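K.L.:
First the structure, which I've put down as structure tokens, then a few questions once you've had a look.
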Amino acid sequence: MDRTAISLALSVVMDDIGVSEEMIKLRRHMCLFQESFNSWKEATYIFGSQSEGSTTLGMESDFDTLRCNGTRHVGLDVSKMRIEDMNHLLVRTPFSLPQCCSLQVVIPITETDQVPWFGRIPRLEPTYITDEDERLVLSSWAEHPNNTTYFCSAIDRNVEYHGPALTVFENRDIVLAERCKQLPDDCKIIFSRSRPGHWPRSATLEEAKHCEMFLNKPGFKSNDFGFNEKRHYGFILVQSSYPISFLATQWRMSTNLIERLLMFDLNAVQMKAYVITKMIKKEHLKLAVGDRLSTFQFKTALMFTVEQTPPEIWTEDNLVQCVVKCLTTMKRFLKRRYCPHYTIAAINLFADKLMLHEFQLLQNIISDVLETCLNDIFPLKMDDIGERMAAALSLNLHTKIIQLTQRNENERAIVKSILTHLVLCSPVRLIKDEIRRKHNTCSDKLMEKGLVSAIKCFKFCLQDSIKTSVDGLWLQTLQSTLTSLKASVAIGKQKKVSQKIINLYEISLYTGTLACYLKYASMFICTEQYRRSASVLADIEEQIKPLLEVLPLPGSTEQHDTRSSKDITKYAKQYMEKVSMPVVFMFNENNCVPDFLEYEIHAATIPANSEFTRDYVSTMKNDVAADALPYFFYLKFITFKQLGQPVLQKAAFDNILKFRRTKELFGTTRRPLARYGSTTMNLIGHCWEMNYNYLEAVKDYMYAQEMNPHNNAASWHIFVLVGRCLANTA
């Protein structure tokens, strides 16, 4: 068959399943927006397939999150370090593992001088240990597994380490890292290596020179970490030829930001070729060697292929040949048993991954794919690629006929997935945690002082100029919380909420963030001003109506095809900025929280034998967090019930039911799609209660408990509801 025809059909199929320029840009926008918002106190990054846009719904790719420690400074030259910083010198020795280094602590000896330290300092152990040359170095095991243990126990989740990555939920991996703002010589090979010159572009390379480098715990073959829920202890399994004492001195160097720049510099055809090679890897090569032949190695093969081939070949009508060239590069690496790292010198990405006999096995599999001119694409099951290709080329492959989803339906499903997995962490919680660590409490006065200080500092840094949408979201979130706190104090003293506070509420609405509007409406409900609440909710409805007419509701069970697909990416970006922010009430705002939600403040149930976990949970609870859309419909339900408008009340109830999730919809191991699913289920249960359907209410409270058995107000709700029913029958 004509290879050009196959290429054009394959390109269209890739567009249909979401590997189009528009969807790639939307995935990247979501990850960058989430990064910016969640980097309030510590830098947070999302790397990997989701942030690159090199994934599809069928791949079910993880979100790879990297969080940087903001208190330690790593540098290459002691003379350039500020003496007031917690400094560490990056050290590489002949004994360092490949792609690894040590972080030697730098200690001041006078007011102006500091030196790299040798020898033990017992008070710093076990965070700092000595290496074979008696350097005092930061242990790469320092924060593992303690904080992880407290976290997973607090949220009732099993946790595992896969290499350096911490996995709590099935689709989200977290890596904790240090950062170095300078690149060591080993990480500069990309700037000096000979190449044709057309890619990477000179502008990209110039930007790459200013990228930071990350340092994280090295992952070694067969290393694992786990947490035993019943006995409440963590364990580390290390299978390596190196002693643990040596491994703890090693930090793995990662050039994630440079790699991201390179991926963002690829065109749509190159991205399609990469995704296709990943699919071939998953469905053909993974059967032979599992995940030991990684997608990162295929990404490296792609980069070298793009670098060494003329840009003219990367066209849609030549897509098959582009995939062939990528696979040929990988085959060449396997033949040499050496896969070079694209940005770091003298690294073999196959080292400690593949066994000797597997190199020839993988070469043979790739040779078979190449010899058939990619006819192996037709049997691909992922995203129904094979069926789609057969339909596009009008082939009869005698396969089972299935109903193929259309491009617009796939795009709606992708947008829903993107918006559902967007997680924005409220900066207010970070301020509260800071206050608790400093004062061991968080009174109304301390919280108000902390918010005022943060707002002043923020405005000073911005110089009264909102530079990005994230700046506006941060500022309005802080101002809205401060206003709600003041209103709560006034209500607690049985005083009327002043016009000055009302004006502050109005000011906090200028970005149109739904969470700020909902706090305003909540205050009116708590003061029984239901008509004013209805007015605020009507303003919200007017603002988000265009979004809801186009976008599938994130976290809901609504079918993807019930919405328009017109301008879907434009509205998705608006949704991120206006609706994705959760509604968070501190316990200091309890008088502005509807009575039912106050139970969330007292929801923590901590295992009795876990003193450290109790302290950890205290920073997580004592507040209320809910997804904005379900909470919006909940407030409408309450408001229209109190105003005696049953038609509007029923409409609100029908809408919140779209977020109802049963056990069958989220399974026993996967977290529900909604970020605050248990809180949403509790809200729905309360709506059933107010409709006098106690059986359905109990069902939803029990589903909420299954989502999160600990630290869940559902236990209180069931207890109260059963007590009320018993009292009525007595």
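As shown in the structure tokens, the chain order sets the letters A, B, ...; within each chain, residues go from 1, and ligands are also counted from 1 in the order they appear.
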Run DSSP on the backbone of this structure and report the residues of region 255-457 of chain A it assigns to helix (DSSP H, G or I), as a PyMOL selection string.
P.N.:
chain A and resi 256-264+268-292+295-308+311-313+316-336+356-371+375-377+382-392+407-420+427-439+444-457
K.L.:
Atoms to include: C-alpha atoms. Write the selected residues as a tab-separated table (two decimals), in the first residue's frame.
P.N.:
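Here's the written file part-v3.tsv:
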chain	number	residue	atom	x	y	z
A	256	ASN	CA	14.04	18.27	33.26
A	257	LEU	CA	13.61	21.92	32.29
A	258	ILE	CA	16.03	21.65	29.36
A	259	GLU	CA	14.28	18.48	28.20
A	260	ARG	CA	10.94	20.27	28.38
A	261	LEU	CA	12.26	23.13	26.26
A	262	LEU	CA	13.40	20.63	23.66
A	263	MET	CA	10.02	18.86	23.60
A	264	PHE	CA	8.20	22.19	23.29
A	268	ALA	CA	3.14	18.45	15.50
A	269	VAL	CA	4.45	15.75	13.14
A	270	GLN	CA	7.43	15.04	15.39
A	271	MET	CA	5.09	14.77	18.38
A	272	LYS	CA	2.87	12.34	16.46
A	273	ALA	CA	5.87	10.20	15.55
A	274	TYR	CA	6.92	10.11	19.20
A	275	VAL	CA	3.46	9.07	20.41
A	276	ILE	CA	3.30	6.30	17.79
A	277	THR	CA	6.68	4.91	18.88
A	278	LYS	CA	5.44	4.96	22.49
A	279	MET	CA	2.39	2.94	21.44
A	280	ILE	CA	4.56	0.41	19.62
A	281	LYS	CA	6.77	0.21	22.69
A	282	LYS	CA	3.79	-0.38	25.00
A	283	GLU	CA	2.08	-3.01	22.86
A	284	HIS	CA	5.08	-4.87	21.37
A	285	LEU	CA	8.27	-4.28	23.34
A	286	LYS	CA	6.80	-4.11	26.83
A	287	LEU	CA	5.72	-7.74	26.54
A	288	ALA	CA	9.38	-8.72	26.27
A	289	VAL	CA	11.10	-6.55	28.91
A	290	GLY	CA	8.39	-4.71	30.84
A	291	ASP	CA	9.13	-1.09	31.73
A	292	ARG	CA	12.90	-1.57	31.68
A	295	THR	CA	9.59	5.97	27.22
A	296	PHE	CA	12.44	8.29	28.23
A	297	GLN	CA	14.79	6.18	26.11
A	298	PHE	CA	12.40	6.52	23.17
A	299	LYS	CA	12.21	10.27	23.78
A	300	THR	CA	16.01	10.35	23.63
A	301	ALA	CA	15.94	8.41	20.35
A	302	LEU	CA	13.44	10.92	18.97
A	303	MET	CA	15.65	13.88	19.90
A	304	PHE	CA	18.72	12.39	18.25
A	305	THR	CA	16.63	11.53	15.18
A	306	VAL	CA	15.25	15.07	14.85
A	307	GLU	CA	18.75	16.45	15.33
A	308	GLN	CA	20.31	14.25	12.64
A	311	PRO	CA	13.55	19.27	8.78
A	312	GLU	CA	11.99	18.77	5.33
A	313	ILE	CA	11.18	15.12	6.02
A	316	GLU	CA	2.25	14.65	7.49
A	317	ASP	CA	2.54	12.76	4.20
A	318	ASN	CA	5.86	11.28	5.41
A	319	LEU	CA	4.80	10.36	8.95
A	320	VAL	CA	5.42	6.61	8.50
A	321	GLN	CA	8.98	7.23	7.36
A	322	CYS	CA	9.53	9.53	10.37
A	323	VAL	CA	8.43	6.74	12.71
A	324	VAL	CA	10.74	4.33	10.87
A	325	LYS	CA	13.70	6.65	11.42
A	326	CYS	CA	12.94	6.93	15.16
A	327	LEU	CA	12.74	3.15	15.49
A	328	THR	CA	15.95	2.78	13.45
A	329	THR	CA	17.73	5.08	15.90
A	330	MET	CA	16.52	2.98	18.82
A	331	LYS	CA	17.62	-0.19	17.04
A	332	ARG	CA	21.09	1.32	16.56
A	333	PHE	CA	21.30	2.13	20.27
A	334	LEU	CA	20.30	-1.43	21.13
A	335	LYS	CA	22.89	-2.86	18.75
A	336	ARG	CA	25.60	-0.79	20.46
A	356	LEU	CA	22.50	-8.95	27.92
A	357	HIS	CA	20.26	-11.35	25.97
A	358	GLU	CA	17.44	-8.81	25.79
A	359	PHE	CA	19.31	-6.42	23.49
A	360	GLN	CA	19.14	-8.86	20.57
A	361	LEU	CA	15.54	-9.78	21.41
A	362	LEU	CA	14.46	-6.13	21.21
A	363	GLN	CA	16.42	-5.60	17.99
A	364	ASN	CA	14.58	-8.50	16.41
A	365	ILE	CA	11.17	-7.16	17.44
A	366	ILE	CA	11.96	-3.70	16.04
A	367	SER	CA	13.34	-5.28	12.85
A	368	ASP	CA	10.07	-7.16	12.37
A	369	VAL	CA	8.12	-3.89	12.73
A	370	LEU	CA	10.39	-2.13	10.24
A	371	GLU	CA	10.30	-4.95	7.69
A	375	ASN	CA	1.83	-2.84	9.21
A	376	ASP	CA	1.99	-3.59	12.94
A	377	ILE	CA	0.09	-0.33	13.39
A	382	MET	CA	-4.57	1.49	22.22
A	383	ASP	CA	-7.09	4.23	21.40
A	384	ASP	CA	-8.45	1.86	18.71
A	385	ILE	CA	-5.60	2.88	16.39
A	386	GLY	CA	-5.86	-0.27	14.30
A	387	GLU	CA	-9.64	0.04	13.83
A	388	ARG	CA	-9.33	3.72	13.01
A	389	MET	CA	-6.63	3.08	10.41
A	390	ALA	CA	-8.72	0.35	8.81
A	391	ALA	CA	-11.73	2.68	8.66
A	392	ALA	CA	-9.64	5.56	7.27
A	407	ARG	CA	-12.79	13.67	17.01
A	408	ASN	CA	-15.06	16.21	18.71
A	409	GLU	CA	-16.19	13.63	21.28
A	410	ASN	CA	-12.59	12.66	22.00
A	411	GLU	CA	-11.67	16.33	22.42
A	412	ARG	CA	-14.51	16.82	24.91
A	413	ALA	CA	-13.32	13.75	26.83
A	414	ILE	CA	-9.75	15.09	26.85
A	415	VAL	CA	-10.88	18.52	28.05
A	416	LYS	CA	-12.95	16.93	30.81
A	417	SER	CA	-9.97	14.83	31.88
A	418	ILE	CA	-7.65	17.87	31.84
A	419	LEU	CA	-9.99	20.01	33.93
A	420	THR	CA	-10.78	17.18	36.34
A	427	PRO	CA	-2.13	29.60	49.33
A	428	VAL	CA	-4.25	30.29	52.44
A	429	ARG	CA	-3.50	26.80	53.76
A	430	LEU	CA	0.23	27.42	53.42
A	431	ILE	CA	-0.07	30.65	55.42
A	432	LYS	CA	-2.03	28.79	58.12
A	433	ASP	CA	0.61	26.04	58.28
A	434	GLU	CA	3.38	28.63	58.63
A	435	ILE	CA	1.56	30.29	61.53
A	436	ARG	CA	0.98	26.94	63.25
A	437	ARG	CA	4.64	25.97	62.98
A	438	LYS	CA	5.76	29.32	64.38
A	439	HIS	CA	3.19	29.79	67.16
A	444	ASP	CA	-8.09	34.76	64.53
A	445	LYS	CA	-5.65	37.59	65.24
A	446	LEU	CA	-2.62	35.60	64.07
A	447	MET	CA	-4.44	34.48	60.92
A	448	GLU	CA	-5.56	38.03	60.14
A	449	LYS	CA	-2.04	39.34	60.72
A	450	GLY	CA	-0.60	36.63	58.46
A	451	LEU	CA	-3.06	37.38	55.65
A	452	VAL	CA	-2.51	41.15	55.87
A	453	SER	CA	1.26	40.64	55.81
A	454	ALA	CA	1.04	38.29	52.81
A	455	ILE	CA	-1.20	40.71	50.88
A	456	LYS	CA	1.13	43.67	51.57
A	457	CYS	CA	4.19	41.65	50.58
K.L.:
Taking only region 67-311 of chain A into account, list the residues labelled strand (DSSP E or B) by DSSP (computed from the backbone), as a VMD selection string.
P.N.:
chain A and resid 67 to 68 72 to 75 86 to 91 100 to 108 114 to 116 118 128 to 130 135 to 138 160 to 162 165 to 169 172 to 180 213 to 216 224 to 228 233 to 237 251 to 254
K.L.:
For Lys486 (chain A), which residue among A:Glu589, A:Asp77, A:Asp352, A:Asp133 is the nearest when counting only C-alpha atoms?
P.N.:
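For Lys486 (chain A), the nearest of the candidates is A:Glu589.
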K.L.:
Write out as a list in words which residues come within 7 Å of Ile129 (chain A) when counting only C-alpha atoms, dropping same-chain ones fewer than 2 positions away.
P.N.:
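Within the cut-off, the hits are Arg120, Glu125, Pro126, Thr127, Asp131, Leu136, Val137, Leu138 and Ser139 of chain A.
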K.L.:
What does the file look like for those residues with all heavy atoms, as an mmCIF file, in the first residue's frame?
P.N.:
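Dumped everything to selection_7.cif:
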data_model
loop_
_atom_site.group_PDB
_atom_site.id
_atom_site.type_symbol
_atom_site.label_atom_id
_atom_site.label_comp_id
_atom_site.auth_asym_id
_atom_site.auth_seq_id
_atom_site.Cartn_x
_atom_site.Cartn_y
_atom_site.Cartn_z
ATOM 1 N N ARG A 120 31.958 14.660 61.202
ATOM 2 C CA ARG A 120 30.595 14.519 61.717
ATOM 3 C C ARG A 120 30.182 15.723 62.556
ATOM 4 O O ARG A 120 31.004 16.363 63.198
ATOM 5 C CB ARG A 120 30.483 13.272 62.591
ATOM 6 C CG ARG A 120 30.590 11.948 61.872
ATOM 7 C CD ARG A 120 30.485 10.812 62.883
ATOM 8 N NE ARG A 120 29.256 10.902 63.649
ATOM 9 C CZ ARG A 120 29.138 10.494 64.926
ATOM 10 N NH1 ARG A 120 30.174 9.981 65.549
ATOM 11 N NH2 ARG A 120 27.977 10.594 65.544
ATOM 12 N N GLU A 125 22.665 14.826 62.445
ATOM 13 C CA GLU A 125 22.330 13.493 61.951
ATOM 14 C C GLU A 125 20.857 13.188 62.247
ATOM 15 O O GLU A 125 20.303 13.688 63.231
ATOM 16 C CB GLU A 125 23.231 12.445 62.626
ATOM 17 C CG GLU A 125 24.707 12.610 62.261
ATOM 18 C CD GLU A 125 25.596 11.619 63.008
ATOM 19 O OE1 GLU A 125 25.091 10.920 63.922
ATOM 20 O OE2 GLU A 125 26.787 11.547 62.688
ATOM 21 N N PRO A 126 20.150 12.398 61.423
ATOM 22 C CA PRO A 126 20.627 11.675 60.227
ATOM 23 C C PRO A 126 20.461 12.463 58.927
ATOM 24 O O PRO A 126 20.669 11.925 57.856
ATOM 25 C CB PRO A 126 19.725 10.450 60.220
ATOM 26 C CG PRO A 126 18.411 10.964 60.741
ATOM 27 C CD PRO A 126 18.765 12.011 61.762
ATOM 28 N N THR A 127 20.057 13.759 59.030
ATOM 29 C CA THR A 127 19.892 14.541 57.804
ATOM 30 C C THR A 127 21.220 14.688 57.073
ATOM 31 O O THR A 127 21.267 14.675 55.841
ATOM 32 C CB THR A 127 19.317 15.931 58.130
ATOM 33 O OG1 THR A 127 18.073 15.768 58.823
ATOM 34 C CG2 THR A 127 19.068 16.741 56.863
ATOM 35 N N ASP A 131 30.683 11.013 53.951
ATOM 36 C CA ASP A 131 30.966 10.079 52.864
ATOM 37 C C ASP A 131 32.324 9.426 53.076
ATOM 38 O O ASP A 131 32.936 9.559 54.152
ATOM 39 C CB ASP A 131 30.881 10.789 51.509
ATOM 40 C CG ASP A 131 31.962 11.846 51.317
ATOM 41 O OD1 ASP A 131 32.856 11.975 52.192
ATOM 42 O OD2 ASP A 131 31.922 12.558 50.293
ATOM 43 N N LEU A 136 30.922 16.127 55.016
ATOM 44 C CA LEU A 136 29.593 16.129 55.623
ATOM 45 C C LEU A 136 28.598 16.475 54.521
ATOM 46 O O LEU A 136 28.581 17.597 54.016
ATOM 47 C CB LEU A 136 29.514 17.155 56.759
ATOM 48 C CG LEU A 136 28.216 17.132 57.569
ATOM 49 C CD1 LEU A 136 28.063 15.819 58.316
ATOM 50 C CD2 LEU A 136 28.149 18.311 58.534
ATOM 51 N N VAL A 137 27.781 15.502 54.125
ATOM 52 C CA VAL A 137 26.904 15.683 52.965
ATOM 53 C C VAL A 137 25.444 15.472 53.362
ATOM 54 O O VAL A 137 25.122 14.783 54.336
ATOM 55 C CB VAL A 137 27.276 14.707 51.817
ATOM 56 C CG1 VAL A 137 28.699 14.961 51.340
ATOM 57 C CG2 VAL A 137 27.099 13.258 52.255
ATOM 58 N N LEU A 138 24.573 16.081 52.578
ATOM 59 C CA LEU A 138 23.137 15.919 52.785
ATOM 60 C C LEU A 138 22.713 14.529 52.335
ATOM 61 O O LEU A 138 23.033 14.097 51.229
ATOM 62 C CB LEU A 138 22.382 16.984 51.981
ATOM 63 C CG LEU A 138 20.854 16.952 52.053
ATOM 64 C CD1 LEU A 138 20.367 17.265 53.463
ATOM 65 C CD2 LEU A 138 20.256 17.943 51.046
ATOM 66 N N SER A 139 21.991 13.828 53.188
ATOM 67 C CA SER A 139 21.538 12.478 52.849
ATOM 68 C C SER A 139 20.351 12.547 51.897
ATOM 69 O O SER A 139 19.389 13.273 52.134
ATOM 70 C CB SER A 139 21.136 11.724 54.117
ATOM 71 O OG SER A 139 20.499 10.505 53.784
#
K.L.:
Could you state the separation of CA of Lys459 (chain A) and CA of Asn38 (chain A) in Å, given to one decimal place?
P.N.:
18.3 Å
K.L.:
Skipping near chain neighbours, those fewer than 5 positions away, what residues fall within 10 Å of Val497 (chain A) using only C-alpha atoms, listed as a ChimeraX atom specification?
P.N.:
/A:486-491,502,523-524,527
K.L.:
Need the shell around Cys516 (chain A): protein/DNA/RNA residues with any atom at most 8 Å away, counting only C-alpha atoms. Skip same-chain ones fewer than 2 positions apart. Format as a list in words?
P.N.:
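Listing them by chain and then by number gives Gln476, Thr477, Ser480, Ser508, Leu509, Gly512, Thr513, Leu514, Leu518, Lys519, Tyr520 and Val583 of chain A.
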K.L.:
Considering only C-alpha atoms, state which residue in the set A:Pro340, A:Pro218, A:Gly644, A:Pro243 is at the smallest distance from Cys101 (chain A).
P.N.:
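Smallest distance to Cys101 (chain A) is found for A:Pro218.
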K.L.:
Can you pull out the residues contacting Glu206 (chain A)? Cut-off 12 Å, using only C-alpha atoms, and skip same-chain residues under 4 positions away; I want them as a PyMOL selection string.
P.N.:
chain A and resi 188+190-191+200-202+210-211+258+261-262
K.L.:
Of the candidates A:Ser426, A:Asn440, A:Ser556, A:Gln479, which shows the shortest atom-to-atom distance to Pro630 (chain A), using only C-alpha atoms?
P.N.:
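Once distances to Pro630 (chain A) are computed over only C-alpha atoms, the minimum belongs to A:Ser556.
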K.L.:
Which residue gives the smallest distance to Tyr599 (chain A) among A:Ala628, A:Ser498, A:Phe659, A:Ala713, with only C-alpha atoms counted?
P.N.:
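Residue with the minimum atom-to-atom distance to Tyr599 (chain A): A:Ala713.
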K.L.:
Taking only C-alpha atoms into account, name the residue in A:Val106, A:Val19, A:Leu293, A:Ala208 that is nearest to Ser49 (chain A).
P.N.:
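Looking at the shortest contact to Ser49 (chain A), the residue is A:Val19.
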K.L.:
My list of candidates is A:Phe118, A:Tyr575, A:Phe637, A:Trp716. Which is closest to Phe33 (chain A) when distances are computed with only C-alpha atoms?
P.N.:
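Of all the options, A:Tyr575 lies closest to Phe33 (chain A).
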K.L.:
Skipping near chain neighbours, those fewer than 3 positions away, what residues fall within 9 Å of region 546-549 of chain A using only C-alpha atoms, listed as a PDB file with all heavy atoms, in the first residue's frame?
P.N.:
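File produced: result-v1.pdb:
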ATOM      1  N   GLU A 542     -24.619  33.887  35.515  1.00  0.00           N
ATOM      2  CA  GLU A 542     -24.451  34.659  34.285  1.00  0.00           C
ATOM      3  C   GLU A 542     -23.022  34.549  33.768  1.00  0.00           C
ATOM      4  O   GLU A 542     -22.787  34.474  32.565  1.00  0.00           O
ATOM      5  CB  GLU A 542     -24.821  36.122  34.546  1.00  0.00           C
ATOM      6  CG  GLU A 542     -24.787  36.986  33.304  1.00  0.00           C
ATOM      7  CD  GLU A 542     -25.208  38.420  33.581  1.00  0.00           C
ATOM      8  OE1 GLU A 542     -25.659  38.707  34.708  1.00  0.00           O
ATOM      9  OE2 GLU A 542     -25.070  39.263  32.670  1.00  0.00           O
ATOM     10  N   GLN A 543     -22.055  34.528  34.696  1.00  0.00           N
ATOM     11  CA  GLN A 543     -20.651  34.485  34.287  1.00  0.00           C
ATOM     12  C   GLN A 543     -20.233  33.122  33.762  1.00  0.00           C
ATOM     13  O   GLN A 543     -19.476  33.026  32.798  1.00  0.00           O
ATOM     14  CB  GLN A 543     -19.753  34.875  35.471  1.00  0.00           C
ATOM     15  CG  GLN A 543     -19.812  36.350  35.822  1.00  0.00           C
ATOM     16  CD  GLN A 543     -18.587  36.760  36.623  1.00  0.00           C
ATOM     17  OE1 GLN A 543     -17.473  36.314  36.360  1.00  0.00           O
ATOM     18  NE2 GLN A 543     -18.792  37.623  37.596  1.00  0.00           N
ATOM     19  N   PRO A 552     -17.797  19.932  29.195  1.00  0.00           N
ATOM     20  CA  PRO A 552     -18.308  18.847  30.036  1.00  0.00           C
ATOM     21  C   PRO A 552     -17.920  19.128  31.481  1.00  0.00           C
ATOM     22  O   PRO A 552     -16.829  19.629  31.751  1.00  0.00           O
ATOM     23  CB  PRO A 552     -17.586  17.607  29.488  1.00  0.00           C
ATOM     24  CG  PRO A 552     -16.359  18.136  28.825  1.00  0.00           C
ATOM     25  CD  PRO A 552     -16.700  19.505  28.313  1.00  0.00           C
ATOM     26  N   LEU A 553     -18.792  18.843  32.429  1.00  0.00           N
ATOM     27  CA  LEU A 553     -18.553  19.186  33.824  1.00  0.00           C
ATOM     28  C   LEU A 553     -17.457  18.309  34.420  1.00  0.00           C
ATOM     29  O   LEU A 553     -17.629  17.097  34.532  1.00  0.00           O
ATOM     30  CB  LEU A 553     -19.839  19.033  34.642  1.00  0.00           C
ATOM     31  CG  LEU A 553     -21.020  19.904  34.204  1.00  0.00           C
ATOM     32  CD1 LEU A 553     -22.222  19.649  35.111  1.00  0.00           C
ATOM     33  CD2 LEU A 553     -20.649  21.376  34.207  1.00  0.00           C
ATOM     34  N   ARG A 563     -22.496  18.331  25.312  1.00  0.00           N
ATOM     35  CA  ARG A 563     -22.065  19.718  25.231  1.00  0.00           C
ATOM     36  C   ARG A 563     -21.585  20.042  23.819  1.00  0.00           C
ATOM     37  O   ARG A 563     -21.204  19.171  23.055  1.00  0.00           O
ATOM     38  CB  ARG A 563     -20.921  19.993  26.218  1.00  0.00           C
ATOM     39  CG  ARG A 563     -21.338  19.936  27.695  1.00  0.00           C
ATOM     40  CD  ARG A 563     -22.141  21.158  28.082  1.00  0.00           C
ATOM     41  NE  ARG A 563     -22.407  21.208  29.502  1.00  0.00           N
ATOM     42  CZ  ARG A 563     -23.468  20.696  30.087  1.00  0.00           C
ATOM     43  NH1 ARG A 563     -24.371  20.050  29.354  1.00  0.00           N
ATOM     44  NH2 ARG A 563     -23.644  20.799  31.391  1.00  0.00           N
ATOM     45  N   SER A 564     -21.568  21.329  23.521  1.00  0.00           N
ATOM     46  CA  SER A 564     -21.042  21.791  22.233  1.00  0.00           C
ATOM     47  C   SER A 564     -19.523  21.710  22.255  1.00  0.00           C
ATOM     48  O   SER A 564     -18.899  21.739  23.312  1.00  0.00           O
ATOM     49  CB  SER A 564     -21.496  23.234  21.995  1.00  0.00           C
ATOM     50  OG  SER A 564     -20.756  23.829  20.951  1.00  0.00           O
ATOM     51  N   ILE A 568     -13.866  25.076  22.339  1.00  0.00           N
ATOM     52  CA  ILE A 568     -13.762  24.353  23.603  1.00  0.00           C
ATOM     53  C   ILE A 568     -12.459  24.665  24.339  1.00  0.00           C
ATOM     54  O   ILE A 568     -12.439  24.768  25.575  1.00  0.00           O
ATOM     55  CB  ILE A 568     -13.916  22.834  23.366  1.00  0.00           C
ATOM     56  CG1 ILE A 568     -14.112  22.110  24.704  1.00  0.00           C
ATOM     57  CG2 ILE A 568     -12.745  22.255  22.585  1.00  0.00           C
ATOM     58  CD1 ILE A 568     -14.558  20.680  24.555  1.00  0.00           C
ATOM     59  N   TYR A 571     -12.725  28.146  26.132  1.00  0.00           N
ATOM     60  CA  TYR A 571     -13.523  28.089  27.345  1.00  0.00           C
ATOM     61  C   TYR A 571     -12.841  27.246  28.422  1.00  0.00           C
ATOM     62  O   TYR A 571     -13.010  27.505  29.623  1.00  0.00           O
ATOM     63  CB  TYR A 571     -14.919  27.554  27.039  1.00  0.00           C
ATOM     64  CG  TYR A 571     -15.796  28.551  26.321  1.00  0.00           C
ATOM     65  CD1 TYR A 571     -16.226  28.342  25.015  1.00  0.00           C
ATOM     66  CD2 TYR A 571     -16.183  29.733  26.953  1.00  0.00           C
ATOM     67  CE1 TYR A 571     -17.017  29.269  24.351  1.00  0.00           C
ATOM     68  CE2 TYR A 571     -16.987  30.666  26.306  1.00  0.00           C
ATOM     69  CZ  TYR A 571     -17.402  30.423  25.004  1.00  0.00           C
ATOM     70  OH  TYR A 571     -18.182  31.353  24.361  1.00  0.00           O
ATOM     71  N   ALA A 572     -12.078  26.237  28.006  1.00  0.00           N
ATOM     72  CA  ALA A 572     -11.356  25.417  28.987  1.00  0.00           C
ATOM     73  C   ALA A 572     -10.332  26.268  29.738  1.00  0.00           C
ATOM     74  O   ALA A 572     -10.167  26.133  30.962  1.00  0.00           O
ATOM     75  CB  ALA A 572     -10.662  24.247  28.297  1.00  0.00           C
ATOM     76  N   GLN A 574     -10.549  29.494  30.266  1.00  0.00           N
ATOM     77  CA  GLN A 574     -11.315  30.365  31.159  1.00  0.00           C
ATOM     78  C   GLN A 574     -11.762  29.602  32.406  1.00  0.00           C
ATOM     79  O   GLN A 574     -11.758  30.139  33.514  1.00  0.00           O
ATOM     80  CB  GLN A 574     -12.523  30.937  30.426  1.00  0.00           C
ATOM     81  CG  GLN A 574     -12.176  31.937  29.335  1.00  0.00           C
ATOM     82  CD  GLN A 574     -13.420  32.485  28.651  1.00  0.00           C
ATOM     83  OE1 GLN A 574     -14.530  32.399  29.159  1.00  0.00           O
ATOM     84  NE2 GLN A 574     -13.229  33.048  27.470  1.00  0.00           N
ATOM     85  N   TYR A 575     -12.146  28.346  32.211  1.00  0.00           N
ATOM     86  CA  TYR A 575     -12.575  27.523  33.343  1.00  0.00           C
ATOM     87  C   TYR A 575     -11.427  27.356  34.346  1.00  0.00           C
ATOM     88  O   TYR A 575     -11.637  27.426  35.560  1.00  0.00           O
ATOM     89  CB  TYR A 575     -13.050  26.164  32.834  1.00  0.00           C
ATOM     90  CG  TYR A 575     -13.658  25.279  33.902  1.00  0.00           C
ATOM     91  CD1 TYR A 575     -15.028  25.174  34.041  1.00  0.00           C
ATOM     92  CD2 TYR A 575     -12.845  24.530  34.767  1.00  0.00           C
ATOM     93  CE1 TYR A 575     -15.588  24.360  35.019  1.00  0.00           C
ATOM     94  CE2 TYR A 575     -13.388  23.725  35.747  1.00  0.00           C
ATOM     95  CZ  TYR A 575     -14.762  23.642  35.863  1.00  0.00           C
ATOM     96  OH  TYR A 575     -15.304  22.851  36.845  1.00  0.00           O
TER      97      TYR A 575
END
K.L.:
Tell me, in Å to one decimal, how far CA of Ile24 (chain A) is from CA of Met59 (chain A).
P.N.:
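Pair CA of Ile24 (chain A) / CA of Met59 (chain A) returns 14.6 Å.
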